[in-house]
Structures are given as structure tokens and as C-alpha cells.
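Novice: This is upload_16.txt, which holds compact mmCIF, C-alpha atoms and all ligand atoms:
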```txt
# COMPACT_ATOMS: atom_id res chain seq x y z
CA MET J 1 77.84 -31.24 -34.43
CA LEU J 2 75.94 -28.00 -34.07
CA SER J 3 77.96 -25.04 -35.29
CA PRO J 4 77.97 -22.08 -37.64
CA PRO J 5 79.52 -22.65 -41.07
CA GLY J 6 83.31 -22.57 -40.87
CA ALA J 7 83.53 -23.44 -37.16
CA GLY J 8 85.06 -26.87 -37.85
CA LYS J 9 82.21 -29.37 -37.51
CA GLY J 10 83.44 -31.34 -40.54
CA THR J 11 87.05 -31.50 -39.36
CA HIS J 12 86.26 -32.32 -35.74
CA GLY J 13 83.30 -34.52 -36.65
CA ARG J 14 85.54 -36.73 -38.80
CA TRP J 15 88.12 -36.91 -36.01
CA LEU J 16 85.42 -37.87 -33.50
CA THR J 17 84.25 -40.71 -35.74
CA GLN J 18 87.80 -42.13 -35.68
CA GLN J 19 87.88 -41.87 -31.91
CA THR J 20 84.42 -43.29 -31.22
CA GLY J 21 83.98 -45.83 -34.02
CA ALA J 22 80.74 -44.08 -34.98
CA ILE J 23 79.98 -43.26 -38.61
CA HIS J 24 80.27 -39.67 -39.84
CA ILE J 25 77.05 -38.50 -41.50
CA SER J 26 77.17 -35.01 -42.98
CA SER J 27 73.82 -33.70 -44.20
CA GLY J 28 75.68 -31.19 -46.40
CA ASP J 29 77.80 -33.95 -48.00
CA LEU J 30 74.70 -36.09 -48.65
CA LEU J 31 73.00 -33.11 -50.28
CA ARG J 32 76.06 -32.26 -52.39
CA ASP J 33 76.29 -35.91 -53.54
CA GLU J 34 72.64 -35.83 -54.57
CA VAL J 35 73.16 -32.53 -56.45
CA ALA J 36 76.27 -33.94 -58.18
CA SER J 37 74.31 -37.03 -59.28
CA GLY J 38 72.17 -34.75 -61.45
CA SER J 39 68.97 -36.50 -60.29
CA HIS J 40 65.63 -34.72 -60.31
CA LEU J 41 65.86 -34.46 -56.51
CA GLY J 42 69.40 -33.10 -56.85
CA GLN J 43 68.17 -30.35 -59.17
CA GLN J 44 65.52 -29.41 -56.60
CA LEU J 45 68.13 -29.28 -53.83
CA ALA J 46 70.70 -27.28 -55.79
CA GLY J 47 68.69 -24.06 -55.63
CA TYR J 48 68.58 -24.12 -51.83
CA THR J 49 72.20 -25.05 -51.23
CA ALA J 50 73.59 -22.59 -53.80
CA ARG J 51 71.68 -19.72 -52.14
CA GLY J 52 72.65 -20.87 -48.65
CA ASP J 53 69.01 -21.44 -47.71
CA LEU J 54 67.98 -24.43 -45.65
CA VAL J 55 66.56 -27.39 -47.55
CA PRO J 56 62.94 -28.18 -46.51
CA ASP J 57 62.68 -30.56 -43.57
CA ASP J 58 60.86 -33.37 -45.42
CA LEU J 59 63.67 -33.59 -47.99
CA ILE J 60 66.32 -33.59 -45.26
CA PHE J 61 64.62 -36.41 -43.37
CA SER J 62 64.13 -38.56 -46.46
CA ILE J 63 67.83 -38.18 -47.37
CA LEU J 64 69.24 -38.52 -43.86
CA MET J 65 67.19 -41.29 -42.25
CA PRO J 66 68.39 -44.17 -44.47
CA ALA J 67 72.01 -43.23 -43.64
CA VAL J 68 71.23 -42.97 -39.92
CA ILE J 69 69.46 -46.35 -39.82
CA ALA J 70 72.32 -48.00 -41.75
CA ALA J 71 74.95 -46.45 -39.44
CA ALA J 72 73.06 -47.58 -36.34
CA ARG J 73 72.87 -51.14 -37.71
CA GLU J 74 76.56 -51.23 -38.74
CA THR J 75 78.33 -49.55 -35.83
CA GLY J 76 75.68 -48.67 -33.29
CA GLY J 77 76.47 -44.99 -33.56
CA TYR J 78 76.95 -41.93 -35.70
CA VAL J 79 78.18 -38.39 -35.60
CA LEU J 80 75.62 -36.14 -37.25
CA ASP J 81 77.34 -33.19 -38.89
CA GLY J 82 74.97 -30.37 -39.83
CA PHE J 83 71.73 -31.85 -38.52
CA PRO J 84 69.44 -30.78 -36.91
CA ARG J 85 69.51 -27.17 -38.03
CA THR J 86 66.04 -25.97 -37.01
CA MET J 87 63.84 -26.49 -33.95
CA PRO J 88 61.27 -28.45 -36.00
CA GLN J 89 64.09 -30.77 -37.18
CA ALA J 90 65.32 -31.20 -33.59
CA LEU J 91 61.84 -31.99 -32.25
CA ARG J 92 61.08 -34.45 -35.06
CA ALA J 93 64.49 -36.09 -34.58
CA ALA J 94 63.75 -36.46 -30.85
CA GLN J 95 60.39 -38.05 -31.66
CA LEU J 96 61.92 -40.46 -34.19
CA GLY J 97 64.71 -41.21 -31.73
CA ALA J 98 62.15 -42.16 -29.08
CA GLU J 99 60.28 -44.40 -31.56
CA LEU J 100 63.49 -46.12 -32.71
CA ASP J 101 65.16 -46.22 -29.29
CA LEU J 102 68.07 -44.07 -30.47
CA THR J 103 69.62 -41.73 -27.94
CA CYS J 104 71.54 -38.51 -28.48
CA ASP J 105 74.47 -38.55 -26.05
CA ALA J 106 76.30 -35.37 -26.96
CA VAL J 107 75.83 -32.15 -28.89
CA VAL J 108 79.05 -30.35 -29.78
CA TYR J 109 78.70 -26.62 -30.33
CA LEU J 110 81.84 -25.17 -31.91
CA THR J 111 82.31 -21.41 -32.00
CA ALA J 112 84.70 -18.88 -33.54
CA PRO J 113 84.54 -15.11 -34.13
CA GLU J 114 82.55 -14.19 -37.25
CA ASP J 115 85.57 -12.66 -39.05
CA GLU J 116 87.43 -15.92 -38.56
CA LEU J 117 84.49 -17.98 -39.87
CA VAL J 118 84.27 -15.79 -42.99
CA ALA J 119 88.05 -16.00 -43.59
CA ARG J 120 88.05 -19.82 -43.26
CA LEU J 121 85.10 -20.23 -45.63
CA LEU J 122 86.60 -17.90 -48.24
CA ASP J 123 89.82 -19.86 -48.00
CA ARG J 124 87.94 -23.17 -48.46
CA GLY J 125 86.08 -21.65 -51.42
CA ASP J 126 89.42 -20.84 -53.08
CA ARG J 127 90.71 -24.36 -52.44
CA ASP J 128 87.62 -26.54 -53.05
CA GLY J 129 85.47 -24.35 -55.26
CA ARG J 130 82.29 -24.92 -53.21
CA ASP J 131 79.79 -22.57 -54.79
CA ASP J 132 78.26 -21.55 -51.45
CA ASP J 133 81.66 -20.45 -50.10
CA ARG J 134 81.35 -16.98 -51.68
CA LEU J 135 81.11 -13.84 -49.57
CA ALA J 136 77.44 -12.98 -50.20
CA VAL J 137 76.31 -16.58 -49.64
CA ILE J 138 78.57 -16.96 -46.58
CA ARG J 139 76.95 -13.89 -44.99
CA HIS J 140 73.50 -15.33 -45.72
CA ARG J 141 74.44 -18.75 -44.26
CA LEU J 142 75.67 -17.04 -41.08
CA ALA J 143 72.38 -15.13 -40.83
CA VAL J 144 70.43 -18.37 -41.35
CA PHE J 145 72.49 -19.98 -38.58
CA ALA J 146 71.76 -17.08 -36.20
CA GLY J 147 68.03 -17.13 -36.96
CA GLU J 148 67.21 -20.82 -37.40
CA THR J 149 69.95 -22.90 -35.76
CA ALA J 150 71.29 -20.88 -32.82
CA PRO J 151 68.07 -21.45 -30.77
CA LEU J 152 69.02 -25.15 -30.66
CA VAL J 153 71.98 -24.28 -28.43
CA ASP J 154 69.71 -23.42 -25.50
CA TYR J 155 67.47 -26.39 -26.24
CA TYR J 156 70.38 -28.86 -25.96
CA ARG J 157 72.00 -26.94 -23.10
CA SER J 158 68.81 -27.39 -21.10
CA ARG J 159 69.02 -31.13 -21.77
CA GLU J 160 72.58 -31.07 -20.33
CA ILE J 161 74.23 -32.75 -23.31
CA LEU J 162 75.86 -29.65 -24.79
CA LEU J 163 79.62 -29.21 -25.05
CA GLU J 164 80.54 -25.68 -26.15
CA LEU J 165 84.09 -25.15 -27.44
CA SER J 166 85.95 -22.35 -29.16
CA THR J 167 87.86 -23.42 -32.27
CA ASP J 168 89.73 -20.11 -32.39
CA ARG J 169 92.87 -21.84 -31.06
CA PRO J 170 95.15 -24.73 -32.03
CA GLU J 171 93.37 -27.87 -33.24
CA ALA J 172 95.24 -30.00 -30.68
CA GLU J 173 93.67 -28.01 -27.83
CA VAL J 174 90.18 -28.45 -29.26
CA ARG J 175 90.78 -32.20 -29.61
CA ALA J 176 92.08 -32.46 -26.05
CA ASP J 177 88.89 -30.84 -24.73
CA LEU J 178 86.72 -33.07 -26.94
CA ARG J 179 88.61 -36.14 -25.80
CA ALA J 180 88.31 -35.28 -22.10
CA TRP J 181 84.57 -34.61 -22.34
CA PHE J 182 83.81 -37.74 -24.40
CA GLU J 183 86.06 -39.94 -22.27
CA ALA J 184 84.34 -38.75 -19.11
CA ARG J 185 81.09 -40.05 -20.61
CA GLY J 186 82.52 -43.37 -21.81
CA LEU J 187 82.09 -42.43 -25.47
CA MET J 188 85.67 -42.81 -26.72
CA ARG J 189 87.24 -45.94 -28.18
CA SER J 190 89.83 -47.37 -25.79
CA ALA J 191 93.53 -47.34 -26.75
CA ASP J 192 93.30 -50.97 -27.94
CA GLY J 193 90.69 -49.93 -30.49
CA LYS J 194 87.72 -51.41 -28.63
CA ALA J 195 84.32 -49.79 -29.06
CA PRO J 196 83.24 -47.23 -26.45
CA SER J 197 82.37 -48.70 -23.08
CA ARG J 198 78.97 -47.09 -23.33
CA ARG J 199 77.29 -47.55 -26.70
CA LEU J 200 76.27 -44.39 -28.51
CA LEU J 201 72.97 -46.07 -29.21
CA SER J 202 70.90 -48.87 -27.88
CA SER J 203 71.47 -52.23 -29.46
CA PRO J 204 71.11 -51.80 -33.23
CA GLN J 205 69.21 -55.10 -33.38
CA GLN J 206 66.35 -53.33 -31.66
CA LEU J 207 66.01 -51.20 -34.75
CA SER J 208 64.86 -54.15 -36.83
CA HIS J 209 61.89 -54.56 -34.48
CA SER J 210 61.00 -50.91 -34.66
CA ARG J 211 58.85 -49.15 -37.14
CA PRO J 212 60.71 -47.99 -40.25
CA ALA J 213 61.82 -44.39 -40.00
CA GLU J 214 59.66 -42.99 -42.75
CA PRO J 215 59.49 -39.21 -42.50
CA GLN J 216 56.20 -37.98 -41.10
CA PRO J 217 53.85 -36.40 -43.63
CA GLY J 218 53.65 -32.62 -43.58
P1 LIG A 301 76.99 -27.73 -44.67
O1 LIG A 301 77.83 -28.63 -45.53
O2 LIG A 301 76.63 -28.31 -43.36
O3 LIG A 301 77.60 -26.34 -44.55
O4 LIG A 301 75.60 -27.53 -45.45
C1 LIG A 301 75.58 -26.97 -46.75
C2 LIG A 301 74.16 -26.60 -47.12
O5 LIG A 301 73.34 -27.78 -47.14
C3 LIG A 301 73.45 -25.64 -46.18
O6 LIG A 301 73.76 -24.29 -46.45
C4 LIG A 301 71.98 -25.96 -46.47
O7 LIG A 301 71.60 -25.40 -47.71
C5 LIG A 301 72.02 -27.47 -46.67
N1 LIG A 301 71.81 -28.22 -45.41
C6 LIG A 301 72.71 -29.00 -44.76
N2 LIG A 301 72.18 -29.56 -43.67
C7 LIG A 301 70.91 -29.13 -43.61
C8 LIG A 301 69.83 -29.34 -42.71
N3 LIG A 301 69.96 -30.11 -41.60
N4 LIG A 301 68.65 -28.72 -42.97
C9 LIG A 301 68.48 -27.94 -44.05
N5 LIG A 301 69.46 -27.69 -44.94
C10 LIG A 301 70.66 -28.27 -44.74
```
Is it possible to express this structure as C-alpha cells?
Ligand code: AMP
Specialist:
Amino acid sequence: MLSPPGAGKGTHGRWLTQQTGAIHISSGDLLRDEVASGSHLGQQLAGYTARGDLVPDDLIFSILMPAVIAAARETGGYVLDGFPRTMPQALRAAQLGAELDLTCDAVVYLTAPEDELVARLLDRGDRDGRDDDRLAVIRHRLAVFAGETAPLVDYYRSREILLELSTDRPEAEVRADLRAWFEARGLMRSADGKAPSRRLLSSPQQLSHSRPAEPQPG
């Protein structure tokens, strides 16, 4: 799920996991859990997330990779919500994917007008009390998206795995478009609850023969 904050990657990502049988992995949720744990790492992370800055790539990989490997072993697939967010992250993910025989089948790019994004995030801030859902931090997160993450749209479009959808319309319409696109690629669970006809990943067993996904130094 590749989208600006407030576009609906959490909502639609969770729905997609129900429909595909893949596990939902949100980099933001993993970071917030680590911050809430009060660990030394969590204290390091809190500064970045509270300001709306991106967390350094090495930290992201060390937090995300164990969850990705576990999801691949358990279900053979995952929906990554909020990762990658920079070109270096995307290129390193592609390299790790090649080493571990993991494929990326779809990149969902959700869009909505900026005023709508800001209104949704302010509303969520009122409801959930997320400390980065305040106006100044929201504006900064949108600027970070435009500068760091938006270039990934063209990168994935050129690889012909990008689905671009507006979420400035009823949720049912967005889901119908997601369903049609994923079904056409054999990525949806069938009505009887069976796993997708085409696995999101290669056989998870292959992972156990691969090198462990330690983040690269530097
Ligand atoms: P999210 O829940 O996706 O809106 O992410 C909340 C915050 O977590 C972001 O504003 C960043 O500070 C941090 N974050 C989440 N994912 C990443 C990532 N892939 N790379 C760097 N920072 C991230």
C-alpha cells in the first residue's frame, strides 16, 4: 500500500488481507508498538514519528523483516502497509526479495485531494489521539510523502504492478475496483475461502533454504 497519509491504506490494507489471506503488516503500527513498549529502541523511534519524519532505513528493515519472514512462512503472503517509503527502501526491498525469492505482485496507490487527507487525519487525531495527527505534523508528513515517497509511484508504474485508485468516493466503490483488479490477477481468496489461485509469494518453504534477511550494513 503506497499512499499519502490519510488516503486509506490502513483501512483498505486490512480489507485486502481478509480477501487474500495474506497478513497485514503496517510499518507504522510496528513502530508505534515499539514506542509504546518504552524500549531503548522505542525511545529512539519516538522522536522521528512524533515529528512526522521518516525513521532511518536500517531501523525500518530490522523491525520489518522478522514480521515479513514470519508472514511468508505462515501464509505465503503479506500486505505491506506503509513500506517502502523511499527509493533506497524500495531498491533494498527488491534486492532482498530477489535473494529470498519473494515477489511483489501489486502496489496499490490510493489518492485523495489534500484537503480531504488533512480533514480525515484531523478527525482521526480527535478520535484516536495519535500525536502525529496534528495539523503542523500532518502538513510535514504530506511534504515528506511528496518529496520521498511519491517518486516510487513512477518506479512501480514502470514495473506494471501499480493500481492507482481515488478514495474520494464511497468505500464500496474502492473495494469493487480493488476486487476486480486483484481477481483478474488471481490474488483473491475464492468464495469458499480457499487461498488465492496464484500464491502471493513463492513457496514459503524456500525461505528456510535462503539466507536470513539480515539488513545490509550501511
Ligand atoms: P503510518 O502509520 O504509515 O502513517 O506511519 C507513521 C510514521 O511511522 C511515519 O510518519 C514515519 O515516521 C514512520 N514510518 C512508517 N513507515 C515508515 C517507513 N517505511 N520508513 C520510514 N518511516 C516510516
Novice: Report, in Å with one decimal, the straight-line distance from CA of Val107 (chain J) to CA of Pro84 (chain J).
Specialist: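 Separation between CA of Val107 (chain J) and CA of Pro84 (chain J): 10.3 Å.
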Novice: Return as a ChimeraX atom specification every polymer residue, whether protein, DNA or RNA, with at least one atom no more than 10 Å from an atom of ligand LIG 301 (chain A); count all atoms listed in the file.
Specialist: /J:1-7,9-10,26-32,45-61,64,80-86,89-90,121,130,132-133,137-138,140-142,144-145,148-149
Novice: Quick one: residues within 7 Å of Gln19 (chain J), all atoms listed in the file, excluding same-chain residues fewer than 4 positions away - as a ChimeraX atom specification?
Specialist: /J:15,188-189
Novice: Would you work out the distance separating CA of His24 (chain J) from CA of Tyr78 (chain J), expressed in Å to one decimal?
Specialist: 5.8 Å
Novice: Measuring atom to atom with all atoms listed in the file, identify which of J:Thr20, J:Ala176, J:Leu165, J:Thr11 is nearest to Thr111 (chain J).
Specialist: J:Leu165
Novice: Choose the residue, out of J:Gly21, J:Pro88, J:Gly129, J:Gly77, that has the smallest atom-to-atom separation from Cys104 (chain J); count all atoms listed in the file.
Specialist: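 Checking each of J:Gly21, J:Pro88, J:Gly129, J:Gly77 against Cys104 (chain J), counting all atoms listed in the file, the winner is J:Gly77.
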